[in-house]
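Taking it in order: structure first as structure tokens, then the write-up.
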Amino acid sequence: MALTLIEKLPAPPTGQRGWPWTEQGDPLRVQPTGESWPKISVVTPSYNQGQFIEETIRSVLLQGYPNLEYIVVDGGSTDQTVNILEKYDSWVDYWVSEPDEGQSDAINKGFAKATGRIFAWLNSDDYYATGALFTMAEAFQAADAEVGAVVGTGHKVNGDGDIVYTPDGSDLTHEAFLNWLDGGSFMQPACFLRREAWEECGPLRADLEYAMDIDLFLKLSRQYRFERVDETISYAHKHKGAKTTGERLYWKAGVVVQLAAHGGEEAARREAMEMADELRSLRRERHSMNRHPVFKWAMRVWRYLLK
């Protein structure tokens, strides 16, 4: 009896169960049109997220998608990432671990090697839902050439895998994206791109540490339509090392800059004023705390201990 896909892959870590550890997608899924499945190129940018990347890799490979190209571009990680990449070496089409200029540079390098008709990037702390690649392939096969991107549902999950956030299903237009911080957003891992759209509107700006994806979506939405599929496509871990969580203020400031740069001056002004209000509130709280007798006493004790 032939081995199943999950039996061919390296064994998962001890104690890991469920998707994508001990479950797999349907490798025999037939396309309704009868055509061959279009090639999908998935790029994973990575740097020192070894606690997540094996889940990411398995969620791509265990899709069972028959025409997949998987590329991992690691920025020279010093944790267990390289060991995991070596573990899955024969299953990943291309991977490299070397210094780069950041996340955007890694994604750009990956797509420069990609040969698929459909592009997607999946960060090394994200993972796909079962059947995600098949769902996206069918959506692109049914779409016309004016559709440059397809967006599914993405979720943020906590350490237990419980969903803690799901964006509302907002309009997928340039005007809606100019209100990204006020309900005009979606989860990036749940967005797939037509190759031609990337070639026309990419690559990602390597000088942007934050909001480079929003810059791309705003460019794309001027030239192409975005379409939505009502299916769960991806999950993103909420943790302190994630930019949108641990560095949220910097990320938010980066988004405001991009909104203004792409014509959303009013939305950018509104968000900037809200950030200013938050900062003023924090300063008032700090000033009040500094005047509190208990805080003053604690500071005296701290200075004494430092002597």
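Residue numbering restarts at 1 in every chain; chains get A, B, ... in the order shown in the structure tokens, and ligands count up from 1 in that same order.
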Using only C-alpha atoms, which residues sit within 8 Å of Lys39 (chain A) once same-chain residues fewer than 4 positions away are excluded, as an NGL selection string? :A and (67-69 or 115-118)
Residues near Glu199 (chain A), cut-off 12 Å, only C-alpha atoms, skip fewer than 4 positions along chain, as a PDB file with C-alpha atoms, in the first residue's frame:
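To be explicit, this is the file written out as out_12.pdb:
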```
ATOM      1  CA  ASN A 108      11.115  39.950  -3.073  1.00  0.00           C
ATOM      2  CA  PHE A 111       9.126  35.906  -5.753  1.00  0.00           C
ATOM      3  CA  ALA A 112      12.091  36.614  -8.056  1.00  0.00           C
ATOM      4  CA  ALA A 114       8.931  31.926  -8.302  1.00  0.00           C
ATOM      5  CA  THR A 115       7.487  30.442 -11.495  1.00  0.00           C
ATOM      6  CA  ARG A 117       0.720  31.779 -11.956  1.00  0.00           C
ATOM      7  CA  ILE A 118      -0.512  32.614  -8.456  1.00  0.00           C
ATOM      8  CA  PHE A 119       1.688  34.167  -5.749  1.00  0.00           C
ATOM      9  CA  GLY A 148      -5.412  40.879  -9.395  1.00  0.00           C
ATOM     10  CA  LEU A 193      -2.002  37.572  -6.010  1.00  0.00           C
ATOM     11  CA  ARG A 194      -2.101  37.048  -9.732  1.00  0.00           C
ATOM     12  CA  ARG A 195       1.463  36.898 -11.045  1.00  0.00           C
ATOM     13  CA  PRO A 203       8.059  44.426  -5.582  1.00  0.00           C
ATOM     14  CA  LEU A 204       7.623  45.330  -1.928  1.00  0.00           C
ATOM     15  CA  LEU A 216       1.372  47.079  -2.185  1.00  0.00           C
ATOM     16  CA  LYS A 219      -0.989  50.155  -5.525  1.00  0.00           C
ATOM     17  CA  LEU A 220      -2.754  46.986  -6.645  1.00  0.00           C
ATOM     18  CA  GLN A 223      -4.949  48.778 -11.220  1.00  0.00           C
TER      19      GLN A 223
END
```
Tell me, which residues of region 14-113 of chain A carry DSSP strand (DSSP E or B), written as a ChimeraX atom specification? /A:40-46,68-74,94-97
Those same residues - N, CA, C and O atoms - I'd like them written as a PDB file, in the first residue's frame.
```pdb
ATOM      1  N   ILE A  40       0.881  27.341  -7.971  1.00  0.00           N
ATOM      2  CA  ILE A  40       0.883  28.354  -6.915  1.00  0.00           C
ATOM      3  C   ILE A  40       2.269  28.395  -6.292  1.00  0.00           C
ATOM      4  O   ILE A  40       2.809  27.365  -5.880  1.00  0.00           O
ATOM      5  N   SER A  41       2.845  29.582  -6.239  1.00  0.00           N
ATOM      6  CA  SER A  41       4.140  29.782  -5.591  1.00  0.00           C
ATOM      7  C   SER A  41       3.918  30.443  -4.239  1.00  0.00           C
ATOM      8  O   SER A  41       3.367  31.543  -4.173  1.00  0.00           O
ATOM      9  N   VAL A  42       4.336  29.774  -3.183  1.00  0.00           N
ATOM     10  CA  VAL A  42       4.226  30.307  -1.819  1.00  0.00           C
ATOM     11  C   VAL A  42       5.633  30.606  -1.317  1.00  0.00           C
ATOM     12  O   VAL A  42       6.510  29.744  -1.371  1.00  0.00           O
ATOM     13  N   VAL A  43       5.826  31.818  -0.830  1.00  0.00           N
ATOM     14  CA  VAL A  43       7.113  32.233  -0.272  1.00  0.00           C
ATOM     15  C   VAL A  43       6.949  32.477   1.223  1.00  0.00           C
ATOM     16  O   VAL A  43       6.007  33.167   1.640  1.00  0.00           O
ATOM     17  N   THR A  44       7.839  31.923   2.012  1.00  0.00           N
ATOM     18  CA  THR A  44       7.855  32.180   3.453  1.00  0.00           C
ATOM     19  C   THR A  44       9.118  32.948   3.814  1.00  0.00           C
ATOM     20  O   THR A  44      10.217  32.400   3.713  1.00  0.00           O
ATOM     21  N   PRO A  45       8.986  34.224   4.223  1.00  0.00           N
ATOM     22  CA  PRO A  45      10.127  34.941   4.780  1.00  0.00           C
ATOM     23  C   PRO A  45      10.292  34.546   6.240  1.00  0.00           C
ATOM     24  O   PRO A  45       9.302  34.353   6.946  1.00  0.00           O
ATOM     25  N   SER A  46      11.528  34.425   6.689  1.00  0.00           N
ATOM     26  CA  SER A  46      11.745  33.879   8.021  1.00  0.00           C
ATOM     27  C   SER A  46      12.934  34.525   8.694  1.00  0.00           C
ATOM     28  O   SER A  46      13.933  34.840   8.052  1.00  0.00           O
ATOM     29  N   LEU A  68       2.376  22.807  -6.619  1.00  0.00           N
ATOM     30  CA  LEU A  68       2.879  23.758  -5.629  1.00  0.00           C
ATOM     31  C   LEU A  68       4.367  23.999  -5.816  1.00  0.00           C
ATOM     32  O   LEU A  68       5.135  23.070  -6.069  1.00  0.00           O
ATOM     33  N   GLU A  69       4.752  25.254  -5.660  1.00  0.00           N
ATOM     34  CA  GLU A  69       6.162  25.630  -5.575  1.00  0.00           C
ATOM     35  C   GLU A  69       6.338  26.351  -4.244  1.00  0.00           C
ATOM     36  O   GLU A  69       5.715  27.385  -4.008  1.00  0.00           O
ATOM     37  N   TYR A  70       7.186  25.785  -3.377  1.00  0.00           N
ATOM     38  CA  TYR A  70       7.353  26.353  -2.044  1.00  0.00           C
ATOM     39  C   TYR A  70       8.790  26.821  -1.846  1.00  0.00           C
ATOM     40  O   TYR A  70       9.736  26.060  -2.038  1.00  0.00           O
ATOM     41  N   ILE A  71       8.919  28.088  -1.439  1.00  0.00           N
ATOM     42  CA  ILE A  71      10.214  28.749  -1.296  1.00  0.00           C
ATOM     43  C   ILE A  71      10.289  29.362   0.098  1.00  0.00           C
ATOM     44  O   ILE A  71       9.358  30.051   0.518  1.00  0.00           O
ATOM     45  N   VAL A  72      11.387  29.127   0.804  1.00  0.00           N
ATOM     46  CA  VAL A  72      11.605  29.731   2.115  1.00  0.00           C
ATOM     47  C   VAL A  72      12.885  30.555   2.063  1.00  0.00           C
ATOM     48  O   VAL A  72      13.939  30.041   1.675  1.00  0.00           O
ATOM     49  N   VAL A  73      12.778  31.830   2.443  1.00  0.00           N
ATOM     50  CA  VAL A  73      13.939  32.723   2.458  1.00  0.00           C
ATOM     51  C   VAL A  73      14.161  33.168   3.894  1.00  0.00           C
ATOM     52  O   VAL A  73      13.401  33.970   4.435  1.00  0.00           O
ATOM     53  N   ASP A  74      15.201  32.626   4.508  1.00  0.00           N
ATOM     54  CA  ASP A  74      15.511  32.915   5.904  1.00  0.00           C
ATOM     55  C   ASP A  74      16.661  33.912   5.979  1.00  0.00           C
ATOM     56  O   ASP A  74      17.623  33.829   5.212  1.00  0.00           O
ATOM     57  N   TYR A  94      12.942  25.346  -2.729  1.00  0.00           N
ATOM     58  CA  TYR A  94      14.167  26.140  -2.586  1.00  0.00           C
ATOM     59  C   TYR A  94      14.145  26.804  -1.221  1.00  0.00           C
ATOM     60  O   TYR A  94      13.110  27.308  -0.784  1.00  0.00           O
ATOM     61  N   TRP A  95      15.276  26.769  -0.533  1.00  0.00           N
ATOM     62  CA  TRP A  95      15.393  27.542   0.694  1.00  0.00           C
ATOM     63  C   TRP A  95      16.822  28.022   0.839  1.00  0.00           C
ATOM     64  O   TRP A  95      17.769  27.428   0.319  1.00  0.00           O
ATOM     65  N   VAL A  96      16.960  29.122   1.545  1.00  0.00           N
ATOM     66  CA  VAL A  96      18.274  29.700   1.792  1.00  0.00           C
ATOM     67  C   VAL A  96      18.235  30.345   3.167  1.00  0.00           C
ATOM     68  O   VAL A  96      17.183  30.807   3.620  1.00  0.00           O
ATOM     69  N   SER A  97      19.366  30.347   3.848  1.00  0.00           N
ATOM     70  CA  SER A  97      19.496  31.056   5.118  1.00  0.00           C
ATOM     71  C   SER A  97      20.747  31.914   5.030  1.00  0.00           C
ATOM     72  O   SER A  97      21.868  31.400   5.057  1.00  0.00           O
TER      73      SER A  97
END
```
Report as a PyMOL selection string all protein, DNA and RNA residues lying within 10 Å of Asp160 (chain A), evaluated on only C-alpha atoms, omitting residues in the same chain fewer than 3 positions from it. chain A and resi 157+163+237
Calculated over only C-alpha atoms, which of the candidates A:Gly161, A:Gly254, A:Pro32, A:Pro167 has the smallest distance to Met187 (chain A)?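 Of A:Gly161, A:Gly254, A:Pro32, A:Pro167, the one nearest Met187 (chain A), counting only C-alpha atoms, is A:Pro167.
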Surrounding residues of Asp26 (chain A) excluding itself and chain neighbours under 3 positions, 9 Å, only C-alpha atoms, as a VMD selection string: chain A and resid 29 62 to 65 130 to 131
If you run DSSP on the backbone, which residues of region 51-200 of chain A are helix (DSSP H, G or I), as JSON, numbers by chain? {"A": [51, 52, 53, 54, 55, 56, 57, 58, 59, 60, 61, 81, 82, 83, 84, 85, 86, 87, 103, 104, 105, 106, 107, 108, 109, 110, 111, 112, 113, 132, 133, 134, 135, 136, 137, 138, 139, 140, 141, 142, 174, 175, 176, 177, 180, 181, 182, 188, 189, 190, 195, 196, 197, 198, 199, 200]}
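Relative to CA of Tyr47 (chain A), CA of Gly76 (chain A) is found at 6.7 Å.
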With distances taken over only C-alpha atoms, which residue among A:Val229, A:Val151, A:Leu178, A:Ala11 lies nearest Arg269 (chain A)?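 When distances to Arg269 (chain A) are compared using only C-alpha atoms, the smallest one comes from A:Leu178.
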Kindly indicate which residue among A:Gly169, A:Pro13, A:Pro189, A:Gly75 lies nearest to Asp126 (chain A), using only C-alpha atoms for the distances. A:Pro189
Have a look at A:Gln258, A:Gln51, A:Gln80, A:Gln141 and name the one nearest to Thr33 (chain A); count only C-alpha atoms.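 Checking each candidate against Thr33 (chain A), we get A:Gln141 as the closest.
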